[in-house]
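Okay, structure22.txt is below, compact mmCIF, N, CA and C atoms:
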# COMPACT_ATOMS: atom_id res chain seq x y z
N MET A 549 0.84 -1.16 0.00
CA MET A 549 0.00 0.00 0.00
C MET A 549 0.90 1.23 0.00
N ARG A 550 0.59 2.18 -0.86
CA ARG A 550 1.36 3.42 -0.93
C ARG A 550 0.73 4.45 0.00
N LEU A 551 1.57 5.21 0.68
CA LEU A 551 1.13 6.25 1.59
C LEU A 551 1.84 7.55 1.26
N ASP A 552 1.18 8.66 1.42
CA ASP A 552 1.80 9.98 1.34
C ASP A 552 1.92 10.49 2.77
N LEU A 553 3.13 10.55 3.27
CA LEU A 553 3.38 11.03 4.63
C LEU A 553 4.24 12.27 4.56
N ASP A 554 3.65 13.39 4.92
CA ASP A 554 4.36 14.67 4.94
C ASP A 554 5.00 14.98 3.58
N GLY A 555 4.26 14.65 2.51
CA GLY A 555 4.72 14.96 1.17
C GLY A 555 5.70 13.96 0.58
N GLN A 556 5.95 12.86 1.29
CA GLN A 556 6.86 11.84 0.79
C GLN A 556 6.10 10.54 0.55
N ASP A 557 6.55 9.82 -0.47
CA ASP A 557 5.95 8.53 -0.83
C ASP A 557 6.52 7.44 0.06
N TRP A 558 5.65 6.73 0.78
CA TRP A 558 6.03 5.63 1.65
C TRP A 558 5.29 4.38 1.22
N GLU A 559 5.82 3.24 1.63
CA GLU A 559 5.18 1.97 1.37
C GLU A 559 4.83 1.31 2.71
N LEU A 560 3.62 0.79 2.81
CA LEU A 560 3.19 0.02 3.97
C LEU A 560 3.01 -1.42 3.52
N ARG A 561 3.75 -2.33 4.17
CA ARG A 561 3.68 -3.76 3.83
C ARG A 561 3.22 -4.58 5.02
N TRP A 562 2.48 -5.64 4.72
CA TRP A 562 2.08 -6.62 5.73
C TRP A 562 2.99 -7.82 5.56
N VAL A 563 3.64 -8.26 6.63
CA VAL A 563 4.61 -9.35 6.55
C VAL A 563 4.20 -10.50 7.46
N ARG A 564 4.65 -11.71 7.09
CA ARG A 564 4.34 -12.90 7.89
C ARG A 564 5.20 -13.01 9.13
N ARG A 565 6.44 -12.52 9.03
CA ARG A 565 7.36 -12.58 10.17
C ARG A 565 8.54 -11.64 9.93
N PHE A 566 9.26 -11.39 11.01
CA PHE A 566 10.49 -10.62 10.96
C PHE A 566 11.63 -11.57 11.26
N HIS A 567 12.52 -11.77 10.33
CA HIS A 567 13.64 -12.70 10.52
C HIS A 567 14.54 -12.23 11.65
N GLY A 568 14.80 -13.13 12.57
CA GLY A 568 15.69 -12.83 13.69
C GLY A 568 15.05 -11.98 14.78
N GLN A 569 13.79 -11.62 14.62
CA GLN A 569 13.08 -10.79 15.60
C GLN A 569 11.72 -11.43 15.89
N PRO A 570 11.67 -12.52 16.65
CA PRO A 570 10.43 -13.26 16.81
C PRO A 570 9.31 -12.48 17.51
N ASN A 571 9.61 -11.50 18.33
CA ASN A 571 8.58 -10.75 19.05
C ASN A 571 8.26 -9.40 18.42
N GLN A 572 8.83 -9.12 17.28
CA GLN A 572 8.62 -7.83 16.63
C GLN A 572 7.28 -7.80 15.89
N ALA A 573 6.56 -6.68 16.02
CA ALA A 573 5.26 -6.55 15.36
C ALA A 573 5.28 -5.55 14.22
N GLY A 574 6.33 -4.71 14.16
CA GLY A 574 6.42 -3.73 13.09
C GLY A 574 7.78 -3.08 13.05
N ASP A 575 8.08 -2.42 11.93
CA ASP A 575 9.30 -1.62 11.85
C ASP A 575 9.13 -0.51 10.82
N CYS A 576 10.00 0.47 10.92
CA CYS A 576 9.97 1.63 10.05
C CYS A 576 11.39 1.87 9.54
N ASN A 577 11.56 1.85 8.22
CA ASN A 577 12.86 2.09 7.61
C ASN A 577 12.83 3.46 6.96
N LEU A 578 13.52 4.42 7.57
CA LEU A 578 13.50 5.80 7.07
C LEU A 578 14.19 5.92 5.72
N ASP A 579 15.28 5.19 5.52
CA ASP A 579 16.02 5.27 4.26
C ASP A 579 15.20 4.76 3.08
N LYS A 580 14.49 3.66 3.29
CA LYS A 580 13.68 3.08 2.22
C LYS A 580 12.25 3.61 2.21
N ARG A 581 11.91 4.44 3.22
CA ARG A 581 10.55 4.95 3.39
C ARG A 581 9.54 3.80 3.31
N ARG A 582 9.78 2.84 4.21
CA ARG A 582 8.96 1.62 4.22
C ARG A 582 8.58 1.28 5.66
N ILE A 583 7.29 0.97 5.85
CA ILE A 583 6.78 0.49 7.12
C ILE A 583 6.30 -0.94 6.90
N ARG A 584 6.69 -1.82 7.83
CA ARG A 584 6.22 -3.20 7.76
C ARG A 584 5.48 -3.53 9.05
N VAL A 585 4.35 -4.22 8.91
CA VAL A 585 3.54 -4.62 10.06
C VAL A 585 3.23 -6.11 9.93
N LEU A 586 3.32 -6.79 11.05
CA LEU A 586 3.08 -8.23 11.10
C LEU A 586 1.61 -8.54 10.80
N ARG A 587 1.40 -9.52 9.94
CA ARG A 587 0.04 -10.01 9.68
C ARG A 587 -0.45 -10.81 10.89
N GLY A 588 -1.77 -10.92 11.01
CA GLY A 588 -2.34 -11.78 12.02
C GLY A 588 -2.48 -11.17 13.40
N LEU A 589 -2.18 -9.89 13.54
CA LEU A 589 -2.36 -9.23 14.83
C LEU A 589 -3.85 -9.02 15.10
N SER A 590 -4.21 -8.93 16.35
CA SER A 590 -5.59 -8.57 16.68
C SER A 590 -5.87 -7.18 16.13
N GLU A 591 -7.12 -6.85 15.98
CA GLU A 591 -7.49 -5.54 15.44
C GLU A 591 -6.91 -4.40 16.28
N ALA A 592 -7.01 -4.53 17.60
CA ALA A 592 -6.50 -3.48 18.49
C ALA A 592 -4.98 -3.36 18.39
N GLU A 593 -4.28 -4.49 18.36
CA GLU A 593 -2.81 -4.46 18.27
C GLU A 593 -2.36 -3.95 16.90
N ARG A 594 -3.06 -4.33 15.87
CA ARG A 594 -2.73 -3.87 14.52
C ARG A 594 -2.82 -2.34 14.45
N LEU A 595 -3.88 -1.78 15.01
CA LEU A 595 -4.04 -0.33 15.02
C LEU A 595 -2.90 0.33 15.79
N ARG A 596 -2.58 -0.21 16.96
CA ARG A 596 -1.50 0.38 17.76
C ARG A 596 -0.17 0.32 17.03
N VAL A 597 0.12 -0.79 16.38
CA VAL A 597 1.40 -0.95 15.69
C VAL A 597 1.47 -0.02 14.47
N VAL A 598 0.39 0.09 13.71
CA VAL A 598 0.40 0.99 12.55
C VAL A 598 0.62 2.43 13.02
N VAL A 599 -0.09 2.86 14.05
CA VAL A 599 0.10 4.22 14.57
C VAL A 599 1.53 4.40 15.06
N HIS A 600 2.06 3.41 15.76
CA HIS A 600 3.43 3.45 16.27
C HIS A 600 4.43 3.69 15.14
N GLU A 601 4.31 2.90 14.09
CA GLU A 601 5.27 3.02 12.98
C GLU A 601 5.07 4.32 12.19
N LEU A 602 3.84 4.78 12.07
CA LEU A 602 3.59 6.08 11.43
C LEU A 602 4.25 7.21 12.23
N LEU A 603 4.18 7.11 13.54
CA LEU A 603 4.84 8.12 14.38
C LEU A 603 6.35 8.10 14.17
N HIS A 604 6.93 6.92 14.06
CA HIS A 604 8.37 6.84 13.77
C HIS A 604 8.69 7.53 12.45
N ALA A 605 7.85 7.30 11.44
CA ALA A 605 8.08 7.90 10.12
C ALA A 605 7.98 9.42 10.16
N LEU A 606 7.01 9.92 10.90
CA LEU A 606 6.74 11.36 10.91
C LEU A 606 7.49 12.12 11.99
N GLN A 607 7.83 11.45 13.06
CA GLN A 607 8.53 12.08 14.19
C GLN A 607 9.77 11.27 14.53
N TRP A 608 10.65 11.12 13.55
CA TRP A 608 11.78 10.19 13.68
C TRP A 608 12.74 10.55 14.80
N LYS A 609 12.70 11.77 15.30
CA LYS A 609 13.59 12.14 16.41
C LYS A 609 13.01 11.78 17.78
N ALA A 610 11.74 11.43 17.82
CA ALA A 610 11.10 11.09 19.09
C ALA A 610 11.67 9.79 19.66
N SER A 611 11.75 9.72 20.97
CA SER A 611 12.27 8.52 21.62
C SER A 611 11.30 7.36 21.46
N GLU A 612 11.82 6.16 21.60
CA GLU A 612 10.98 4.97 21.52
C GLU A 612 9.91 5.00 22.62
N LYS A 613 10.28 5.45 23.79
CA LYS A 613 9.33 5.53 24.90
C LYS A 613 8.17 6.47 24.56
N ARG A 614 8.48 7.63 24.00
CA ARG A 614 7.43 8.59 23.64
C ARG A 614 6.55 8.04 22.52
N VAL A 615 7.17 7.44 21.50
CA VAL A 615 6.40 6.86 20.39
C VAL A 615 5.50 5.75 20.91
N ASP A 616 6.01 4.91 21.78
CA ASP A 616 5.22 3.80 22.30
C ASP A 616 4.03 4.30 23.12
N ARG A 617 4.26 5.26 23.99
CA ARG A 617 3.17 5.80 24.81
C ARG A 617 2.15 6.54 23.97
N THR A 618 2.62 7.36 23.03
CA THR A 618 1.72 8.14 22.19
C THR A 618 0.88 7.24 21.29
N SER A 619 1.51 6.23 20.69
CA SER A 619 0.75 5.33 19.81
C SER A 619 -0.31 4.57 20.58
N ALA A 620 -0.01 4.16 21.79
CA ALA A 620 -1.00 3.45 22.61
C ALA A 620 -2.19 4.35 22.93
N GLU A 621 -1.92 5.61 23.25
CA GLU A 621 -3.00 6.55 23.57
C GLU A 621 -3.85 6.87 22.34
N ILE A 622 -3.20 7.12 21.21
CA ILE A 622 -3.95 7.43 19.98
C ILE A 622 -4.81 6.24 19.58
N ALA A 623 -4.25 5.04 19.62
CA ALA A 623 -5.00 3.84 19.25
C ALA A 623 -6.18 3.64 20.20
N ARG A 624 -5.97 3.87 21.49
CA ARG A 624 -7.04 3.72 22.47
C ARG A 624 -8.19 4.68 22.18
N VAL A 625 -7.87 5.93 21.88
CA VAL A 625 -8.91 6.93 21.58
C VAL A 625 -9.64 6.58 20.28
N LEU A 626 -8.89 6.19 19.25
CA LEU A 626 -9.53 5.82 17.99
C LEU A 626 -10.48 4.64 18.18
N ARG A 627 -10.11 3.68 18.99
CA ARG A 627 -10.99 2.54 19.25
C ARG A 627 -12.26 3.00 19.99
N ARG A 628 -12.10 3.90 20.95
CA ARG A 628 -13.27 4.42 21.67
C ARG A 628 -14.18 5.21 20.75
N LEU A 629 -13.61 5.85 19.73
CA LEU A 629 -14.39 6.62 18.77
C LEU A 629 -15.06 5.72 17.74
N GLY A 630 -14.75 4.43 17.76
CA GLY A 630 -15.42 3.49 16.88
C GLY A 630 -14.62 3.02 15.70
N TYR A 631 -13.31 3.33 15.65
CA TYR A 631 -12.50 2.83 14.54
C TYR A 631 -12.57 1.31 14.50
N ARG A 632 -12.86 0.80 13.34
CA ARG A 632 -12.84 -0.65 13.12
C ARG A 632 -12.35 -0.90 11.71
N ARG A 633 -11.60 -1.97 11.54
CA ARG A 633 -11.10 -2.36 10.23
C ARG A 633 -12.27 -2.90 9.40
N LYS A 634 -12.30 -2.54 8.15
CA LYS A 634 -13.37 -3.02 7.25
C LYS A 634 -13.10 -4.46 6.86
Please render this file's structure as structure tokens.
Amino acid sequence: MRLDLDGQDWELRWVRRFHGQPNQAGDCNLDKRRIRVLRGLSEAERLRVVVHELLHALQWKASEKRVDRTSAEIARVLRRLGYRRK
């Protein structure tokens, strides 16, 4: 899936696994402008991971702790507002 993030072309991919990273659910590669998210996540976890990786792409200087906390809060609010995957 192609994304326009802050005027730049990014790619969002769904992957079956991350080699060498068994507990990883997503990653963001700034050089390749690519976000990868693990397939098979629950709806709530999928939303949190997508938001998390989008924050990395858009706020790449933010700490992992800040990105993790912010993504969890944004995902929680979106779920309360009724966000659901089609």
For this session: May I have the residues within 7 Å of Val597 in chain A as JSON, numbers by chain, using only N, CA and C atoms and disregarding those fewer than 5 positions away in the same chain?
Result: {"A": [573, 574, 585, 592, 602, 619]}
Atoms kept (N, CA and C atoms) for selection, written as a JSON list (two decimals), in the coordinates of the input:
[["chain", "number", "residue", "atom", "x", "y", "z"],
["A", 573, "ALA", "N", 6.56, -6.68, 16.02],
["A", 573, "ALA", "CA", 5.26, -6.55, 15.36],
["A", 573, "ALA", "C", 5.28, -5.55, 14.22],
["A", 574, "GLY", "N", 6.33, -4.71, 14.16],
["A", 574, "GLY", "CA", 6.42, -3.73, 13.09],
["A", 574, "GLY", "C", 7.78, -3.08, 13.05],
["A", 585, "VAL", "N", 4.35, -4.22, 8.91],
["A", 585, "VAL", "CA", 3.54, -4.62, 10.06],
["A", 585, "VAL", "C", 3.23, -6.11, 9.93],
["A", 592, "ALA", "N", -7.01, -4.53, 17.60],
["A", 592, "ALA", "CA", -6.50, -3.48, 18.49],
["A", 592, "ALA", "C", -4.98, -3.36, 18.39],
["A", 602, "LEU", "N", 3.84, 4.78, 12.07],
["A", 602, "LEU", "CA", 3.59, 6.08, 11.43],
["A", 602, "LEU", "C", 4.25, 7.21, 12.23],
["A", 619, "SER", "N", 1.51, 6.23, 20.69],
["A", 619, "SER", "CA", 0.75, 5.33, 19.81],
["A", 619, "SER", "C", -0.31, 4.57, 20.58]]
Residues flagged strand (DSSP E or B) by DSSP in chain A, as an mmCIF file with N, CA and C atoms, keeping the file's coordinate frame:
data_model
loop_
_atom_site.group_PDB
_atom_site.id
_atom_site.type_symbol
_atom_site.label_atom_id
_atom_site.label_comp_id
_atom_site.auth_asym_id
_atom_site.auth_seq_id
_atom_site.Cartn_x
_atom_site.Cartn_y
_atom_site.Cartn_z
ATOM 1 N N ARG A 550 0.590 2.180 -0.860
ATOM 2 C CA ARG A 550 1.360 3.420 -0.930
ATOM 3 C C ARG A 550 0.730 4.450 0.000
ATOM 4 N N LEU A 551 1.570 5.210 0.680
ATOM 5 C CA LEU A 551 1.130 6.250 1.590
ATOM 6 C C LEU A 551 1.840 7.550 1.260
ATOM 7 N N ASP A 552 1.180 8.660 1.420
ATOM 8 C CA ASP A 552 1.800 9.980 1.340
ATOM 9 C C ASP A 552 1.920 10.490 2.770
ATOM 10 N N LEU A 553 3.130 10.550 3.270
ATOM 11 C CA LEU A 553 3.380 11.030 4.630
ATOM 12 C C LEU A 553 4.240 12.270 4.560
ATOM 13 N N GLN A 556 5.950 12.860 1.290
ATOM 14 C CA GLN A 556 6.860 11.840 0.790
ATOM 15 C C GLN A 556 6.100 10.540 0.550
ATOM 16 N N ASP A 557 6.550 9.820 -0.470
ATOM 17 C CA ASP A 557 5.950 8.530 -0.830
ATOM 18 C C ASP A 557 6.520 7.440 0.060
ATOM 19 N N TRP A 558 5.650 6.730 0.780
ATOM 20 C CA TRP A 558 6.030 5.630 1.650
ATOM 21 C C TRP A 558 5.290 4.380 1.220
ATOM 22 N N GLU A 559 5.820 3.240 1.630
ATOM 23 C CA GLU A 559 5.180 1.970 1.370
ATOM 24 C C GLU A 559 4.830 1.310 2.710
ATOM 25 N N LEU A 560 3.620 0.790 2.810
ATOM 26 C CA LEU A 560 3.190 0.020 3.970
ATOM 27 C C LEU A 560 3.010 -1.420 3.520
ATOM 28 N N ARG A 561 3.750 -2.330 4.170
ATOM 29 C CA ARG A 561 3.680 -3.760 3.830
ATOM 30 C C ARG A 561 3.220 -4.580 5.020
ATOM 31 N N TRP A 562 2.480 -5.640 4.720
ATOM 32 C CA TRP A 562 2.080 -6.620 5.730
ATOM 33 C C TRP A 562 2.990 -7.820 5.560
ATOM 34 N N VAL A 563 3.640 -8.260 6.630
ATOM 35 C CA VAL A 563 4.610 -9.350 6.550
ATOM 36 C C VAL A 563 4.200 -10.500 7.460
ATOM 37 N N GLY A 574 6.330 -4.710 14.160
ATOM 38 C CA GLY A 574 6.420 -3.730 13.090
ATOM 39 C C GLY A 574 7.780 -3.080 13.050
ATOM 40 N N ASP A 575 8.080 -2.420 11.930
ATOM 41 C CA ASP A 575 9.300 -1.620 11.850
ATOM 42 C C ASP A 575 9.130 -0.510 10.820
ATOM 43 N N CYS A 576 10.000 0.470 10.920
ATOM 44 C CA CYS A 576 9.970 1.630 10.050
ATOM 45 C C CYS A 576 11.390 1.870 9.540
ATOM 46 N N ASN A 577 11.560 1.850 8.220
ATOM 47 C CA ASN A 577 12.860 2.090 7.610
ATOM 48 C C ASN A 577 12.830 3.460 6.960
ATOM 49 N N ARG A 582 9.780 2.840 4.210
ATOM 50 C CA ARG A 582 8.960 1.620 4.220
ATOM 51 C C ARG A 582 8.580 1.280 5.660
ATOM 52 N N ILE A 583 7.290 0.970 5.850
ATOM 53 C CA ILE A 583 6.780 0.490 7.120
ATOM 54 C C ILE A 583 6.300 -0.940 6.900
ATOM 55 N N ARG A 584 6.690 -1.820 7.830
ATOM 56 C CA ARG A 584 6.220 -3.200 7.760
ATOM 57 C C ARG A 584 5.480 -3.530 9.050
ATOM 58 N N VAL A 585 4.350 -4.220 8.910
ATOM 59 C CA VAL A 585 3.540 -4.620 10.060
ATOM 60 C C VAL A 585 3.230 -6.110 9.930
ATOM 61 N N LEU A 586 3.320 -6.790 11.050
ATOM 62 C CA LEU A 586 3.080 -8.230 11.100
ATOM 63 C C LEU A 586 1.610 -8.540 10.800
#
Exercise. Using all atoms listed in the file, what residues lie at most 5 Å away from (7.7, 4.0, 5.6) (file coordinates), given as number ranges by chain?
Worked result: A: 558-559, 581-583
For this session: Can you pull out every residue within 8 Å of range 577-579 of chain A, counting only N, CA and C atoms, but drop anything in the same chain fewer than 6 positions away, and send it as a list in words?
Result: Glu601, His604 and Ala605 of chain A
Exercise. If we count all atoms listed in the file, what is near range 620-626 of chain A at a cut-off of 8 Å, once residues fewer than 6 positions away on the same chain are taken out, given as a VMD selection string?
Worked result: chain A and resid 592 595 to 597 599 to 600 614 632
For this session: Just give me the gap between atom C of Leu629 in chain A and atom C of Arg617 in chain A in Å, one decimal is fine.
Result: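 The value is 18.3 Å.
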For this session: Can you work out the spacing between CA of Ser590 in chain A and atom N of Asn571 in chain A in Å, to one decimal?
Result: 15.6 Å
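Atom to atom, atom N of Tyr631 in chain A and CA of Ala610 in chain A stand 25.8 Å apart.
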For this session: List every residue of range 562-617 of chain A that DSSP, applied to the backbone of this structure, assigns to helix (DSSP H, G or I), and report them as a list in words.
Result: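 These are the residues in question: Glu591, Ala592, Glu593, Arg594, Leu595, Arg596, Val597, Val598, Val599, His600, Glu601, Leu602, Leu603, His604, Ala605, Leu606, Glu612, Lys613, Arg614, Val615, Asp616 and Arg617 of chain A.
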For this session: Enumerate, as a PyMOL selection string, the protein, DNA and RNA residues whose atoms approach (2.6, -10.8, 7.9) to within 6 Å, taking into account all atoms listed in the file and the coordinate frame of the file.
Result: chain A and resi 562-565+585-588
Output file: range 569-625 of chain A, C-alpha atoms, as a compact mmCIF listing (two decimals), in the first residue's frame:
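Listed below is the output, out-v8.txt:
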# COMPACT_ATOMS: atom_id res chain seq x y z
CA GLN A 569 13.08 -10.79 15.60
CA PRO A 570 10.43 -13.26 16.81
CA ASN A 571 8.58 -10.75 19.05
CA GLN A 572 8.62 -7.83 16.63
CA ALA A 573 5.26 -6.55 15.36
CA GLY A 574 6.42 -3.73 13.09
CA ASP A 575 9.30 -1.62 11.85
CA CYS A 576 9.97 1.63 10.05
CA ASN A 577 12.86 2.09 7.61
CA LEU A 578 13.50 5.80 7.07
CA ASP A 579 16.02 5.27 4.26
CA LYS A 580 13.68 3.08 2.22
CA ARG A 581 10.55 4.95 3.39
CA ARG A 582 8.96 1.62 4.22
CA ILE A 583 6.78 0.49 7.12
CA ARG A 584 6.22 -3.20 7.76
CA VAL A 585 3.54 -4.62 10.06
CA LEU A 586 3.08 -8.23 11.10
CA ARG A 587 0.04 -10.01 9.68
CA GLY A 588 -2.34 -11.78 12.02
CA LEU A 589 -2.36 -9.23 14.83
CA SER A 590 -5.59 -8.57 16.68
CA GLU A 591 -7.49 -5.54 15.44
CA ALA A 592 -6.50 -3.48 18.49
CA GLU A 593 -2.81 -4.46 18.27
CA ARG A 594 -2.73 -3.87 14.52
CA LEU A 595 -4.04 -0.33 15.02
CA ARG A 596 -1.50 0.38 17.76
CA VAL A 597 1.40 -0.95 15.69
CA VAL A 598 0.40 0.99 12.55
CA VAL A 599 0.10 4.22 14.57
CA HIS A 600 3.43 3.45 16.27
CA GLU A 601 5.27 3.02 12.98
CA LEU A 602 3.59 6.08 11.43
CA LEU A 603 4.84 8.12 14.38
CA HIS A 604 8.37 6.84 13.77
CA ALA A 605 8.08 7.90 10.12
CA LEU A 606 6.74 11.36 10.91
CA GLN A 607 8.53 12.08 14.19
CA TRP A 608 11.78 10.19 13.68
CA LYS A 609 13.59 12.14 16.41
CA ALA A 610 11.10 11.09 19.09
CA SER A 611 12.27 8.52 21.62
CA GLU A 612 10.98 4.97 21.52
CA LYS A 613 9.33 5.53 24.90
CA ARG A 614 7.43 8.59 23.64
CA VAL A 615 6.40 6.86 20.39
CA ASP A 616 5.22 3.80 22.30
CA ARG A 617 3.17 5.80 24.81
CA THR A 618 1.72 8.14 22.19
CA SER A 619 0.75 5.33 19.81
CA ALA A 620 -1.00 3.45 22.61
CA GLU A 621 -3.00 6.55 23.57
CA ILE A 622 -3.95 7.43 19.98
CA ALA A 623 -5.00 3.84 19.25
CA ARG A 624 -7.04 3.72 22.47
CA VAL A 625 -8.91 6.93 21.58
